[in-house]
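Step one of this worksheet: look at the structure below.
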Amino acid sequence: MRHTRFPWRPAFAAVLIVALASAWATPAGAQGRPARAATPASTPATPAAPPGLDALVARVMTSFEVPGLALAIVKDGHVVVARGYGVRRLGEPAPVDADTRFGIASNTKVFTAVALGLLVEEKKIEWDAPVVRYLPWFQLSDPWVTRELTVRDLLVHRSGLALGAGDLLWWPPTTYERREIARRLRHLPLATSFRSAYAYDNVLYLVAGELIAEVSGQSWEDFVSQRILARVGMNGSNVRHSAALEPGNVAATHAPVDGRVRVVAPFGADNANPAAGINSTATDMAKWLNVLLGEGALPDGTRLYSERTARELVSIVTPLPLGTPPAELEAQRANFRGYALGLNVQDYRGRKLVSHTGGLPGYVSRGAWVPELEGGVAVLTNQESGEAFNALTYAVLDHYLGAPATDWVDAYQKVKARNAARTADTVAKGEAARDTTSRPSLPLERYAGTYTDAWYGDVTIALEGERLRIRFAPTASLVGTLEHWQHDTFVARWDDRELRADAFVTFALAPDGSVEQAKLRAVSPDTDFSFDFHHLLLTPRREAGERR
């Protein structure tokens, strides 16, 4: 889903609940990479957790208003920490523990990459074979790109699609099934030439899910459940967004709405599961980190995947620009960055760092590991604060790297405050530049009608009383009122205020005074990129001879 929501806020007392997990080590005998010894006589003591860890977690949660958090730390094949902190739901006492489930969102992507790797090992597919060999019906808007796009290309964000393009086909939840989403991509224009630029996408992971189903004869959900989760022993995890709606030991979702952190509705549609559908726990994420660090080795002496697949997973395919971090985050300045197969790879303090983030409504997370240190960390939260998972992740990594102490909580608080001020300034400037004396060019009823976009579908605008109402036919939650902004631009104020994604709607008129087209753009620069309104080109549906 959103890379970090994504893609990735009232004060409360951090309630600390600790549930320690036993060490999980890999026995000798695994093929390829030497397995970690599992006998008590030969297994070294479990490495110590970072000093003051619980106090740090409490500070992170208080500073960034996170109700509940799950933390996994592994080192040298051991589970150092698998704990829950805080509460599952604000206002209720049920604690987060090591087995509380959180949506891990785009941290799911590496599971999809591993699933493809298993099919490569079985010689059912090839990484560099064209997708159309396995899905003959698949098309992108450019026929040449369609022919050349490979299985590997599905995972590495270099297809030519723009950032988040097509996400509106599944986010917010739509009526489109996964294959229909994949089929509609043929109508989505490419923004850059093939393989020339990085632009994060989710929709091609849905295509990867369809490819897995076609080749294996199992749905993505069944394949990942049986071939990956069950073998790793991730018995507390599942593979469906909709599972976040089920009762049990599940973290509720929270986000800041109108300046107050509160419970929000979780994302419950299953059409995007291959991009972001897994729900997991601290206990299970510790197991998964050890598999990734062990290059596919399992505790029973077998392998989940081969060493060759392990190398593929972390080999950079798409280079990323380096950029300049804010002064407070200078220690994170990278010398190289790139995207591999469902994973980000870069350097941190002189070591290779492999990681990914994830964001869903009310859930954000990060998994990160340093192969050279055989250490990693996963942070799962039930509030949309990337600052929280980053501050904790870098503090843990610094401890095992022996790096100078950095107050990451203070650093991220400053960066957050500056970003909020910048956003407020941008919005204020837009408001100041608004021509409040202007009026719409047409009577309101002349804007009403059914509009369509080639890749998305139908959007209706209706005059109800004295106001225009907009409805996105495939997306039940995208219903709102059009408030006049200036000239022929309105603002769509969504009825569901949890969306936090109001959008400008600008109409263009034809020479005869009829509406020729409408375009949308998010009002706030902080709107998540998965609300890809700006890729829509809405044109009126008209009967022959009709004039608006």
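Scheme for the structure tokens: letters A, B, ... for chains in order shown; per-chain residue numbers from 1; ligand numbers from 1 in order shown.
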*Please provide as a list in words all residues within 12 Å of Pro51 (chain A), with the sequence filter that same-chain residues fewer than 2 positions apart are discarded (counting only C-alpha atoms).*
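Those residues are Pro47, Ala48, Ala49, Leu53, Asp54, Ala55, Leu56, Val57, Ala395, Val396, Asp398, His399, Tyr400 and Ala405 of chain A.
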_Shell of 12 Å around Asn202 (chain A), only C-alpha atoms, local chain residues under 5 positions omitted, as a ChimeraX atom specification_ = /A:1-4,6-7,105-109,112,154-159,161-171,178,181-182,185,207-209,271-277,342,358-359,529-530,532
Output the selection as a tab-separated table (two decimals), in the first residue's frame - C-alpha atoms for each residue.
chain	number	residue	atom	x	y	z
A	1	MET	CA	0.00	0.00	0.00
A	2	ARG	CA	1.19	3.45	0.69
A	3	HIS	CA	5.00	3.40	1.05
A	4	THR	CA	4.74	5.27	4.32
A	6	PHE	CA	2.22	6.53	2.99
A	7	PRO	CA	3.61	6.59	1.51
A	105	ALA	CA	1.35	-2.65	4.98
A	106	SER	CA	4.15	-2.38	2.39
A	107	ASN	CA	6.46	-4.54	4.46
A	108	THR	CA	4.36	-7.20	2.71
A	109	LYS	CA	6.16	-6.49	-0.55
A	112	THR	CA	5.59	-11.21	-2.60
A	154	LEU	CA	6.98	-5.67	-11.34
A	155	LEU	CA	8.85	-5.20	-8.06
A	156	VAL	CA	11.26	-2.32	-8.59
A	157	HIS	CA	9.25	0.84	-9.40
A	158	ARG	CA	10.80	1.68	-12.78
A	159	SER	CA	7.98	0.89	-15.21
A	161	LEU	CA	4.17	4.81	-14.12
A	162	ALA	CA	4.07	7.95	-12.00
A	163	LEU	CA	4.28	7.96	-8.20
A	164	GLY	CA	1.23	6.18	-6.83
A	165	ALA	CA	-0.43	6.06	-10.23
A	166	GLY	CA	-3.45	3.77	-10.28
A	167	ASP	CA	-3.73	3.54	-6.49
A	168	LEU	CA	-7.20	5.07	-6.67
A	169	LEU	CA	-8.32	1.77	-8.19
A	170	TRP	CA	-8.01	0.16	-4.75
A	171	TRP	CA	-7.48	3.01	-2.26
A	178	ARG	CA	-7.61	-7.56	-8.35
A	181	ILE	CA	-7.41	-3.44	-11.45
A	182	ALA	CA	-4.60	-5.07	-13.40
A	185	LEU	CA	-3.66	-0.32	-16.12
A	207	VAL	CA	-0.10	-7.83	-11.06
A	208	ALA	CA	2.62	-9.90	-9.35
A	209	GLY	CA	-0.09	-11.43	-7.18
A	271	ASN	CA	-7.84	-6.50	-3.56
A	272	ALA	CA	-4.43	-5.04	-2.63
A	273	ASN	CA	-3.17	-7.85	-0.39
A	274	PRO	CA	-0.04	-8.63	-2.50
A	275	ALA	CA	1.16	-5.05	-1.98
A	276	ALA	CA	0.24	-4.55	1.67
A	277	GLY	CA	-2.07	-7.18	3.13
A	342	GLY	CA	10.59	-5.32	-2.32
A	358	GLY	CA	4.65	0.41	5.54
A	359	GLY	CA	1.60	2.62	5.96
A	529	PHE	CA	0.25	9.92	-2.70
A	530	SER	CA	-2.11	6.95	-2.92
A	532	ASP	CA	-3.75	9.94	-6.92
*For Gln383 (chain A), work out the shell of residues within 8 Å, counting only C-alpha atoms and skipping chain neighbours fewer than 6 positions away, then give it as an MDAnalysis selection string.*
chainID A and resid 65:68 253:255 362:364
*Neighbours of Gly91 (chain A) within 10 Å (only C-alpha atoms; same-chain residues fewer than 4 positions away dropped), as JSON, numbers by chain?*
{"A": [12, 67, 87, 262, 263]}
*Just the residues within 10 Å of Trp408 (chain A), please, counting only C-alpha atoms, with nothing from its chain fewer than 6 positions along; format it as a list in words.*
Val60, Glu328, Leu329, Glu387, Ala388, Asn390, Ala391, Leu392, Thr393, Tyr394, Ala395 and Lys414 of chain A
_What does the structure give for the distance between CA of Gly457 (chain A) and CA of Ala473 (chain A), in Å to one decimal?_
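Interatomic distance here is 7.5 Å.
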*Could you please write out, as a PyMOL selection string, every residue of region 187-380 of chain A that DSSP assigns to strand (DSSP E or B)?*
chain A and resi 238+250+254-257+260-263+279-280+297+303+318-319+337-339+344-348+351-360+363-370+375-380
*If you measure from CA of Arg366 (chain A) to CA of Gly386 (chain A), what distance in Å do you get, rounded to one decimal?*
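Those two atoms sit 8.5 Å apart.
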